[in-house]
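Here is upload17.txt, consisting of compact mmCIF, C-alpha atoms and all ligand atoms:
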# COMPACT_ATOMS: atom_id res chain seq x y z
CA MET A 30 -2.53 22.49 9.71
CA GLY A 31 -4.52 19.48 8.37
CA ILE A 32 -4.34 16.29 10.43
CA LEU A 33 -5.73 13.01 9.16
CA PHE A 34 -8.36 11.27 11.30
CA ALA A 35 -7.38 7.84 9.98
CA ALA A 36 -4.66 6.98 7.48
CA PRO A 37 -5.50 4.00 5.25
CA GLN A 38 -3.68 5.76 2.39
CA VAL A 39 -0.42 5.78 4.37
CA GLU A 40 -0.78 2.05 5.05
CA TYR A 41 -1.48 1.51 1.35
CA ASP A 42 1.77 3.24 0.41
CA LEU A 43 3.69 0.83 2.60
CA ILE A 44 2.27 -2.33 1.02
CA ARG A 45 1.80 -1.00 -2.52
CA GLU A 46 4.66 -2.79 -4.33
CA GLU A 47 4.06 -6.13 -2.68
CA TRP A 48 0.29 -5.93 -3.11
CA LEU A 49 0.42 -4.86 -6.77
CA ALA A 50 2.68 -7.82 -7.51
CA SER A 51 0.10 -10.15 -5.95
CA VAL A 52 -2.72 -8.50 -7.93
CA ALA A 53 -0.73 -9.05 -11.14
CA GLN A 54 -0.33 -12.71 -10.18
CA ILE A 55 -4.07 -13.05 -9.45
CA GLY A 56 -4.79 -11.43 -12.82
CA ARG A 57 -2.52 -13.84 -14.65
CA GLN A 58 -4.11 -16.82 -12.92
CA GLY A 59 -7.64 -15.53 -13.54
CA VAL A 60 -8.94 -16.68 -10.13
CA PHE A 61 -10.87 -13.67 -8.80
CA VAL A 62 -13.06 -15.40 -6.19
CA GLY A 63 -11.59 -17.81 -3.65
CA GLY A 64 -8.24 -19.37 -4.52
CA ALA A 65 -4.79 -19.52 -2.96
CA TRP A 66 -4.59 -15.97 -1.57
CA VAL A 67 -7.76 -16.39 0.44
CA SER A 68 -6.52 -19.67 1.96
CA LYS A 69 -3.09 -18.16 2.57
CA PHE A 70 -4.51 -15.17 4.44
CA GLU A 71 -7.00 -17.31 6.38
CA ALA A 72 -4.17 -19.60 7.54
CA ALA A 73 -1.91 -16.67 8.47
CA PHE A 74 -4.67 -14.84 10.35
CA ALA A 75 -5.68 -17.98 12.29
CA ALA A 76 -2.03 -18.63 13.21
CA TYR A 77 -1.56 -14.99 14.27
CA LEU A 78 -4.59 -15.20 16.56
CA GLY A 79 -3.78 -18.69 17.84
CA VAL A 80 -7.12 -20.16 16.71
CA ASP A 81 -7.73 -23.20 14.52
CA ALA A 82 -9.51 -21.51 11.64
CA ALA A 83 -10.39 -18.21 10.02
CA VAL A 84 -13.15 -18.07 7.42
CA GLY A 85 -13.04 -15.01 5.15
CA VAL A 86 -16.36 -13.35 4.35
CA GLY A 87 -17.59 -10.21 2.60
CA ASN A 88 -17.55 -7.81 5.58
CA GLY A 89 -17.85 -7.61 9.36
CA THR A 90 -21.63 -7.39 9.36
CA ASP A 91 -21.87 -10.65 7.41
CA ALA A 92 -19.33 -12.19 9.80
CA LEU A 93 -21.71 -11.53 12.72
CA PHE A 94 -24.79 -12.60 10.76
CA LEU A 95 -23.22 -15.84 9.53
CA ALA A 96 -21.86 -16.62 13.01
CA LEU A 97 -25.40 -16.43 14.40
CA LYS A 98 -26.76 -18.48 11.46
CA ALA A 99 -24.09 -21.11 12.12
CA LEU A 100 -25.52 -21.43 15.63
CA GLY A 101 -28.98 -21.94 14.15
CA ILE A 102 -30.27 -18.71 15.67
CA GLY A 103 -33.53 -17.36 14.25
CA PRO A 104 -37.09 -16.26 15.02
CA GLY A 105 -38.12 -16.69 18.66
CA ASP A 106 -34.53 -16.38 19.88
CA GLU A 107 -32.93 -13.44 21.68
CA VAL A 108 -29.34 -12.21 21.35
CA ILE A 109 -27.87 -9.72 23.83
CA THR A 110 -25.47 -6.95 22.84
CA ALA A 111 -24.50 -3.34 23.59
CA ALA A 112 -26.72 -0.26 23.15
CA ASN A 113 -23.63 1.83 22.29
CA THR A 114 -22.19 -0.38 19.54
CA PHE A 115 -22.04 0.38 15.81
CA VAL A 116 -25.46 -0.40 14.34
CA ALA A 117 -24.12 -3.42 12.39
CA THR A 118 -23.92 -5.60 15.50
CA VAL A 119 -27.65 -5.14 15.98
CA SER A 120 -28.64 -5.36 12.31
CA ALA A 121 -26.81 -8.70 12.06
CA ILE A 122 -28.99 -10.04 14.90
CA HIS A 123 -32.15 -8.50 13.43
CA HIS A 124 -31.68 -10.14 10.03
CA THR A 125 -31.50 -13.63 11.53
CA GLY A 126 -35.08 -13.06 12.73
CA ALA A 127 -33.96 -13.13 16.39
CA ALA A 128 -34.73 -10.23 18.72
CA PRO A 129 -31.82 -7.97 19.71
CA VAL A 130 -31.75 -7.35 23.48
CA LEU A 131 -29.59 -4.41 24.51
CA VAL A 132 -27.65 -3.54 27.65
CA ASP A 133 -26.04 -0.31 28.87
CA CYS A 134 -22.27 0.29 29.00
CA ASN A 135 -19.93 0.92 31.91
CA ASP A 136 -17.80 4.07 32.24
CA GLY A 137 -15.15 2.46 30.00
CA TYR A 138 -17.82 2.10 27.23
CA LEU A 139 -17.90 -1.70 27.54
CA MET A 140 -20.61 -4.21 28.45
CA ASP A 141 -20.63 -5.72 31.95
CA LEU A 142 -21.43 -9.37 32.50
CA ASP A 143 -23.79 -8.46 35.37
CA ASP A 144 -25.96 -6.44 32.99
CA VAL A 145 -25.94 -9.33 30.53
CA ARG A 146 -27.00 -11.76 33.27
CA ALA A 147 -29.90 -9.45 34.17
CA ALA A 148 -31.06 -9.37 30.53
CA VAL A 149 -31.19 -13.15 30.08
CA THR A 150 -34.58 -14.81 29.46
CA THR A 151 -35.49 -18.37 28.53
CA ASN A 152 -35.15 -17.30 24.87
CA THR A 153 -31.55 -16.04 25.12
CA ARG A 154 -29.33 -18.01 22.74
CA ALA A 155 -26.23 -15.84 22.42
CA VAL A 156 -24.44 -12.76 23.67
CA ILE A 157 -22.19 -10.55 21.56
CA PRO A 158 -19.63 -8.64 23.66
CA VAL A 159 -18.21 -5.77 21.59
CA HIS A 160 -14.53 -4.91 22.07
CA LEU A 161 -15.41 -1.28 21.45
CA TYR A 162 -12.75 1.24 20.43
CA GLY A 163 -10.13 -1.52 20.49
CA GLN A 164 -10.46 -2.44 24.18
CA LEU A 165 -10.53 -6.13 24.89
CA ILE A 166 -13.22 -7.07 27.43
CA ASP A 167 -11.79 -9.54 29.93
CA LEU A 168 -13.84 -12.57 28.92
CA ASP A 169 -12.56 -15.30 31.28
CA GLU A 170 -15.65 -15.05 33.49
CA TRP A 171 -17.93 -14.65 30.46
CA LYS A 172 -16.56 -17.86 28.98
CA ALA A 173 -17.18 -19.80 32.20
CA TRP A 174 -20.71 -18.33 32.37
CA SER A 175 -21.34 -19.22 28.72
CA GLU A 176 -20.29 -22.82 29.30
CA GLU A 177 -22.45 -23.03 32.41
CA THR A 178 -25.58 -21.53 30.81
CA GLY A 179 -25.23 -22.80 27.23
CA ILE A 180 -25.62 -19.21 25.98
CA ALA A 181 -23.15 -18.86 23.11
CA LEU A 182 -20.40 -16.26 23.24
CA VAL A 183 -19.79 -14.57 19.87
CA GLU A 184 -17.21 -11.78 20.04
CA ASP A 185 -17.50 -8.64 17.93
CA CYS A 186 -13.80 -8.02 17.24
CA ALA A 187 -14.35 -5.49 14.43
CA GLN A 188 -12.43 -2.78 16.31
CA ALA A 189 -9.92 -4.98 18.11
CA ALA A 190 -7.63 -6.64 15.55
CA GLY A 191 -4.37 -7.43 17.31
CA ALA A 192 -5.71 -7.02 20.86
CA SER A 193 -4.75 -9.72 23.32
CA ARG A 194 -4.76 -10.40 27.04
CA ARG A 195 -2.49 -12.87 28.84
CA GLY A 196 -1.38 -14.05 25.39
CA GLN A 197 -4.93 -14.76 24.23
CA ALA A 198 -6.28 -12.91 21.20
CA ALA A 199 -9.62 -11.20 20.58
CA GLY A 200 -12.02 -13.75 19.16
CA SER A 201 -10.48 -16.75 20.91
CA TRP A 202 -12.71 -16.80 24.02
CA GLY A 203 -16.00 -17.14 22.18
CA VAL A 204 -17.22 -20.02 20.07
CA MET A 205 -16.65 -17.51 17.26
CA GLY A 206 -14.97 -14.12 16.87
CA CYS A 207 -16.10 -11.77 14.10
CA TYR A 208 -13.75 -9.36 12.36
CA SER A 209 -14.31 -6.46 9.98
CA PHE A 210 -11.56 -5.42 7.58
CA TYR A 211 -13.22 -2.12 6.65
CA PRO A 212 -10.32 0.05 5.35
CA ASP A 213 -9.80 2.20 8.44
CA LYS A 214 -9.87 -0.68 10.90
CA ASN A 215 -6.57 -1.58 12.62
CA LEU A 216 -6.29 -4.38 10.05
CA GLY A 217 -8.07 -2.91 7.05
CA ALA A 218 -8.49 -4.19 3.51
CA LEU A 219 -8.53 -1.96 0.43
CA GLY A 220 -12.30 -2.35 0.28
CA ASP A 221 -14.78 -4.41 2.28
CA GLY A 222 -13.79 -7.65 3.98
CA GLY A 223 -14.40 -9.69 7.10
CA ALA A 224 -13.65 -13.00 8.80
CA ILE A 225 -15.03 -15.31 11.44
CA VAL A 226 -12.50 -17.14 13.57
CA SER A 227 -13.17 -20.31 15.52
CA SER A 228 -11.41 -23.25 17.10
CA SER A 229 -14.37 -25.55 16.53
CA PRO A 230 -13.82 -27.58 13.32
CA GLU A 231 -17.58 -28.23 12.98
CA THR A 232 -18.37 -24.53 13.27
CA ALA A 233 -15.66 -23.53 10.79
CA GLY A 234 -16.89 -26.17 8.35
CA ARG A 235 -20.46 -24.90 8.64
CA LEU A 236 -19.30 -21.32 8.08
CA ARG A 237 -17.38 -22.30 4.92
CA LYS A 238 -20.62 -23.70 3.53
CA LEU A 239 -22.85 -20.86 4.68
CA ARG A 240 -20.63 -18.23 2.99
CA ASN A 241 -20.64 -20.09 -0.32
CA HIS A 242 -24.25 -20.94 -1.22
CA GLY A 243 -24.39 -23.73 1.34
CA GLY A 244 -21.57 -25.93 0.07
CA GLU A 245 -17.80 -26.03 -0.28
CA VAL A 246 -17.96 -27.94 -3.54
CA ARG A 247 -19.58 -26.33 -6.58
CA TYR A 248 -23.23 -27.35 -7.04
CA GLN A 249 -23.27 -29.45 -3.88
CA HIS A 250 -25.54 -27.32 -1.71
CA GLU A 251 -25.83 -28.97 1.67
CA LEU A 252 -27.42 -26.04 3.51
CA PRO A 253 -29.46 -23.01 2.48
CA GLY A 254 -26.50 -20.65 2.21
CA PHE A 255 -25.48 -17.13 1.27
CA ASN A 256 -22.89 -15.49 -0.94
CA SER A 257 -20.42 -13.65 1.27
CA ARG A 258 -16.78 -14.27 0.41
CA LEU A 259 -13.52 -12.46 0.97
CA ASP A 260 -11.98 -11.91 -2.46
CA PRO A 261 -8.33 -12.71 -3.23
CA ILE A 262 -7.42 -9.10 -4.08
CA GLN A 263 -8.47 -8.11 -0.55
CA ALA A 264 -6.97 -11.24 1.00
CA SER A 265 -3.56 -10.45 -0.50
CA ALA A 266 -3.70 -6.85 0.83
CA LEU A 267 -4.61 -8.18 4.27
CA HIS A 268 -1.77 -10.69 4.09
CA CYS A 269 0.67 -7.84 3.42
CA LYS A 270 -0.77 -5.70 6.22
CA LEU A 271 -0.87 -8.46 8.83
CA ALA A 272 2.93 -8.29 8.98
CA TYR A 273 2.67 -4.69 10.25
CA LEU A 274 -0.29 -5.05 12.62
CA ASP A 275 1.62 -5.38 15.92
CA GLU A 276 3.93 -2.49 15.03
CA TRP A 277 0.97 -0.28 14.06
CA ASN A 278 -0.92 -1.14 17.24
CA ALA A 279 2.17 -0.35 19.35
CA HIS A 280 2.33 3.02 17.59
CA ARG A 281 -1.33 3.68 18.39
CA ARG A 282 -0.64 2.98 22.09
CA LYS A 283 2.32 5.33 21.99
CA ALA A 284 0.11 8.01 20.41
CA ALA A 285 -2.45 7.49 23.21
CA GLY A 286 0.37 8.23 25.66
CA TRP A 287 1.17 11.50 23.82
CA TYR A 288 -2.48 12.56 24.06
CA ARG A 289 -2.49 11.75 27.76
CA ASN A 290 0.61 13.91 28.29
CA HIS A 291 -0.99 16.84 26.53
CA LEU A 292 -4.56 16.54 27.84
CA ALA A 293 -4.34 15.15 31.37
CA ASP A 294 -4.60 18.65 32.89
CA VAL A 295 -7.76 19.67 31.05
CA ALA A 296 -10.41 19.42 33.76
CA GLU A 297 -13.33 19.47 31.30
CA LEU A 298 -12.23 16.20 29.66
CA ALA A 299 -12.46 12.53 30.61
CA LEU A 300 -9.63 10.62 28.92
CA PRO A 301 -9.28 6.88 28.29
CA GLY A 302 -7.45 5.16 31.16
CA HIS A 303 -3.67 4.94 31.01
CA VAL A 304 -2.44 1.93 29.00
CA GLU A 305 1.17 0.73 29.25
CA PRO A 306 2.94 0.61 25.85
CA ASP A 307 3.28 -3.18 26.09
CA ASP A 308 -0.31 -3.82 27.25
CA GLY A 309 -1.90 -5.49 24.25
CA SER A 310 -5.40 -5.42 25.71
CA HIS A 311 -6.07 -2.03 24.08
CA VAL A 312 -5.23 -1.36 20.43
CA PHE A 313 -6.80 2.13 20.27
CA HIS A 314 -8.83 1.65 17.15
CA LEU A 315 -10.27 4.96 18.34
CA TYR A 316 -9.05 7.47 20.91
CA VAL A 317 -12.28 8.60 22.55
CA ILE A 318 -12.47 11.46 25.04
CA ARG A 319 -15.54 12.87 26.78
CA VAL A 320 -16.15 16.60 26.72
CA GLY A 321 -17.97 18.07 29.70
CA GLY A 322 -20.12 21.20 30.03
CA GLY A 323 -22.20 20.50 26.93
CA ARG A 324 -19.34 21.79 24.76
CA ARG A 325 -18.61 18.74 22.56
CA GLU A 326 -20.06 20.20 19.34
CA GLU A 327 -18.39 23.54 19.95
CA LEU A 328 -14.99 21.86 20.44
CA LYS A 329 -15.52 19.67 17.39
CA LYS A 330 -16.22 22.72 15.23
CA HIS A 331 -13.28 24.60 16.71
CA LEU A 332 -10.91 21.74 15.85
CA GLN A 333 -12.36 21.40 12.37
CA LYS A 334 -11.65 25.09 11.72
CA LYS A 335 -8.04 24.40 12.65
CA GLY A 336 -7.85 21.48 10.19
CA ILE A 337 -8.20 18.76 12.84
CA LEU A 338 -10.82 16.19 11.92
CA THR A 339 -12.67 14.41 14.71
CA ALA A 340 -15.67 12.07 14.79
CA VAL A 341 -18.42 10.90 17.12
CA GLN A 342 -18.70 7.14 17.43
CA TYR A 343 -21.62 6.99 17.76
CA PRO A 344 -23.92 10.01 18.00
CA VAL A 345 -27.15 8.06 18.64
CA PRO A 346 -27.28 4.82 20.64
CA VAL A 347 -28.85 1.98 18.69
CA HIS A 348 -32.10 1.88 20.71
CA LEU A 349 -32.83 5.52 19.78
CA LEU A 350 -32.28 5.03 16.02
CA PRO A 351 -35.47 4.98 13.93
CA ALA A 352 -34.47 1.56 12.53
CA TYR A 353 -34.72 0.00 16.00
CA ALA A 354 -37.57 1.98 17.55
CA HIS A 355 -39.66 -1.19 17.26
CA LEU A 356 -37.52 -2.82 19.94
CA GLY A 357 -39.51 -0.66 22.35
CA TYR A 358 -36.70 0.96 24.30
CA GLY A 359 -37.30 4.67 24.76
CA PRO A 360 -35.13 7.54 25.95
CA GLY A 361 -33.85 6.82 29.44
CA SER A 362 -33.56 3.04 28.87
CA PHE A 363 -29.73 3.11 28.85
CA PRO A 364 -28.66 6.28 30.67
CA GLN A 365 -24.89 5.84 30.36
CA ALA A 366 -24.99 5.12 26.63
CA GLU A 367 -27.32 8.07 26.11
CA ARG A 368 -25.23 10.51 28.14
CA TYR A 369 -21.95 9.43 26.56
CA ALA A 370 -23.41 9.80 23.05
CA GLN A 371 -23.70 13.52 23.86
CA GLU A 372 -20.16 13.81 25.23
CA ILE A 373 -17.82 11.50 23.29
CA LEU A 374 -15.37 12.74 20.69
CA SER A 375 -12.87 10.62 18.78
CA LEU A 376 -9.56 12.37 18.14
CA PRO A 377 -7.30 11.47 15.19
CA MET A 378 -5.71 8.06 15.77
CA HIS A 379 -3.74 5.98 13.32
CA ALA A 380 -0.40 4.29 12.76
CA ALA A 381 1.14 7.37 11.15
CA LEU A 382 0.14 9.98 13.75
CA GLN A 383 3.14 12.13 14.66
CA GLU A 384 4.04 13.32 18.15
CA ARG A 385 4.00 16.93 16.97
CA GLU A 386 0.46 16.41 15.63
CA ALA A 387 -0.73 15.05 18.99
CA ALA A 388 0.97 18.03 20.66
CA ALA A 389 -0.72 20.48 18.27
CA ILE A 390 -4.13 18.89 18.89
CA GLY A 391 -3.48 19.04 22.64
CA ALA A 392 -2.52 22.73 22.38
CA GLU A 393 -5.69 23.56 20.40
CA ILE A 394 -7.88 21.80 22.96
CA GLN A 395 -6.09 23.55 25.82
CA SER A 396 -6.56 26.96 24.22
CA PHE A 397 -10.23 26.20 23.47
CA PHE A 398 -10.91 25.61 27.16
CA ALA A 399 -8.73 28.54 28.25
CA ALA A 400 -10.93 30.95 26.26
CA PRO A 401 -14.36 31.91 27.62
CA PRO A 402 -17.28 29.91 26.11
CA VAL A 403 -18.98 31.50 23.10
CA THR A 404 -22.00 33.75 23.78
CA GLY A 405 -25.27 32.02 24.49
CA ARG A 406 -23.96 30.14 27.50
CA SER A 407 -23.09 31.38 30.92
C1 LIG A 501 -18.27 -2.80 16.31
C2 LIG A 501 -18.50 -3.09 14.86
N1 LIG A 501 -19.24 -4.16 14.52
C3 LIG A 501 -19.47 -4.48 13.24
C4 LIG A 501 -18.96 -3.72 12.22
C5 LIG A 501 -19.33 -4.05 10.81
O1 LIG A 501 -18.28 -4.26 9.97
P1 LIG A 501 -18.39 -3.96 8.38
O2 LIG A 501 -18.44 -2.48 8.20
O3 LIG A 501 -17.17 -4.59 7.83
O4 LIG A 501 -19.64 -4.64 7.91
C6 LIG A 501 -18.15 -2.60 12.52
C7 LIG A 501 -17.48 -1.77 11.51
O5 LIG A 501 -17.84 -1.18 10.62
C8 LIG A 501 -17.95 -2.27 13.88
O6 LIG A 501 -17.22 -1.19 14.22
Represent the supplied structure as structure tokens.
Ligand SMILES: Cc1ncc(COP(=O)(O)O)c(C=O)c1O
Amino acid sequence: MGILFAAPQVEYDLIREEWLASVAQIGRQGVFVGGAWVSKFEAAFAAYLGVDAAVGVGNGTDALFLALKALGIGPGDEVITAANTFVATVSAIHHTGAAPVLVDCNDGYLMDLDDVRAAVTTNTRAVIPVHLYGQLIDLDEWKAWSEETGIALVEDCAQAAGASRRGQAAGSWGVMGCYSFYPDKNLGALGDGGAIVSSSPETAGRLRKLRNHGGEVRYQHELPGFNSRLDPIQASALHCKLAYLDEWNAHRRKAAGWYRNHLADVAELALPGHVEPDDGSHVFHLYVIRVGGGRREELKKHLQKKGILTAVQYPVPVHLLPAYAHLGYGPGSFPQAERYAQEILSLPMHAALQEREAAAIGAEIQSFFAAPPVTGRS
């Protein structure tokens, strides 16, 4: 068989002609950092999201780091986020000098505001809700709480490009929203890229300086800054792809429906909740199932043998990674995150997935569970 897990190469084929023409133009102009394409994409992305500004940066990790720096967060401060996120959310906090404070996830893999409230101390300066797997956390109550407490809301939108609820886009509840354009994201560049979106002109202005050595004008360094810029070759690819984003996300939701049709009867699995095709609050960056009976690895290997690639996002919760052992959380600190790390499996999900492929994957999973488990288990 042979089914792709993600399909950035298919997306590339669609934009190739248009993108190559823009690369030729960039080459002729000789502007390889900054320039018109970056501004053009930033304006288009901000308009698409309904926010005032988008500031392109080098990648999603830098987007989170620079967002926290723009808030003046550093040593002595605490920032709350999820134990089951990709490690970058936590490393971005760590490198500001602030302490990452983690919370467990609910059975939909998302953070709950009640857990965040319980983790607040007098040092808490910000919270980073992560729209994991493409699911938009409903942030209305979070926003009200943030305004009441003065604890800044910074959204990690890396996996949720195009997600919206009641007409409001990911990244528009918080003081800032941070995007990754890693190639297999729903809106992926042809290399690394990221952006921070904000409707605060002061914050956007500060971010434009921080990403460019502390100043917007050459040799006028107003702040101690960094070098983290989105380049025009990536910006032009993103500009081409933005035109397809809603269509691709709708396709992902349709594909989630196919999986549901083929897997709903498999008692050993927990599937993502049903999402209506027009419900923009989930953009299925990943389609994550849970495999019961301790058989996740066995199923993964079985599918791989049949040419179906799967992944585990993520196999070890952040607090159990060696890099963050110093935070002092041990096994048992976040039971849901720890249990799910043993059970989750991401099935192929992308804008080019075919119905017959979803059906074939469903059939393989059904036949795996219909057969008796391999020897060594009862
Ligand atoms: C939830 C989350 N946060 C942050 C990042 C970091 O983004 P990047 O890889 O562009 O640095 C990613 C993606 O890789 C992510 O999935």
Please compute the atom CA of A:Asn278-atom CA of A:Asn113 distance, one decimal, in Å.
23.5 Å
Once you count all atoms listed in the file, which residues end up within 7 Å of ligand LIG 501 (chain A), and could you hand them over as a ChimeraX atom specification?
/A:88-91,114-115,117-118,159,161,185-188,209-211,221-223
Rank A:Val145, A:Ala112, A:His280, A:Glu327 by their smallest atom-to-atom distance to A:Pro360, using all atoms listed in the file, and report the top residue only.
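Result for the nearest residue to A:Pro360: A:Ala112.
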Selection as a list in words: residues within 10 Å of (-35.1, -16.6, 27.4), counting only C-alpha atoms:
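Output: Gly105, Asp106, Glu107, Val108, Ala148, Val149, Thr150, Thr151, Asn152, Thr153, Arg154 and Ile180 of chain A.
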Sorted by chain and rising residue number, list the residues of stretch 121-178 of chain A at most 9 Å from stretch 348-356 of chain A (counting only C-alpha atoms), each with its closest atom pair and distance in Å to one decimal, as JSON lines.
{"residue": "A:Ala128", "atom": "CA", "partner": "A:Leu356", "partner_atom": "CA", "distance": 8.0}
{"residue": "A:Pro129", "atom": "CA", "partner": "A:Leu356", "partner_atom": "CA", "distance": 7.7}
{"residue": "A:Val130", "atom": "CA", "partner": "A:Leu356", "partner_atom": "CA", "distance": 8.1}
{"residue": "A:Leu131", "atom": "CA", "partner": "A:His348", "partner_atom": "CA", "distance": 7.8}
Export C-alpha atoms of the chosen residues as a CSV table (one decimal), keeping the file's coordinate frame?
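Full text of part_18.csv as output:
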chain,number,residue,atom,x,y,z
A,128,ALA,CA,-34.7,-10.2,18.7
A,129,PRO,CA,-31.8,-8.0,19.7
A,130,VAL,CA,-31.8,-7.4,23.5
A,131,LEU,CA,-29.6,-4.4,24.5
Do you have the atom CA of A:Gly31-atom CA of A:Pro377 distance handy?
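Spanning atom CA of A:Gly31 to atom CA of A:Pro377 is a straight-line distance of 10.9 Å.
Minimum atom-to-atom distances from A:Gly361, A:Gly336, A:Pro212, A:Pro301 to A:Asp136 were compared using all atoms listed in the file, and the lowest value belongs to A:Pro301.
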Could you jot down the atom CA of A:Ala266 to atom CA of A:Lys69 separation for me, Å, one decimal place?
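Answer for the atom CA of A:Ala266 to atom CA of A:Lys69 separation: 11.5 Å.
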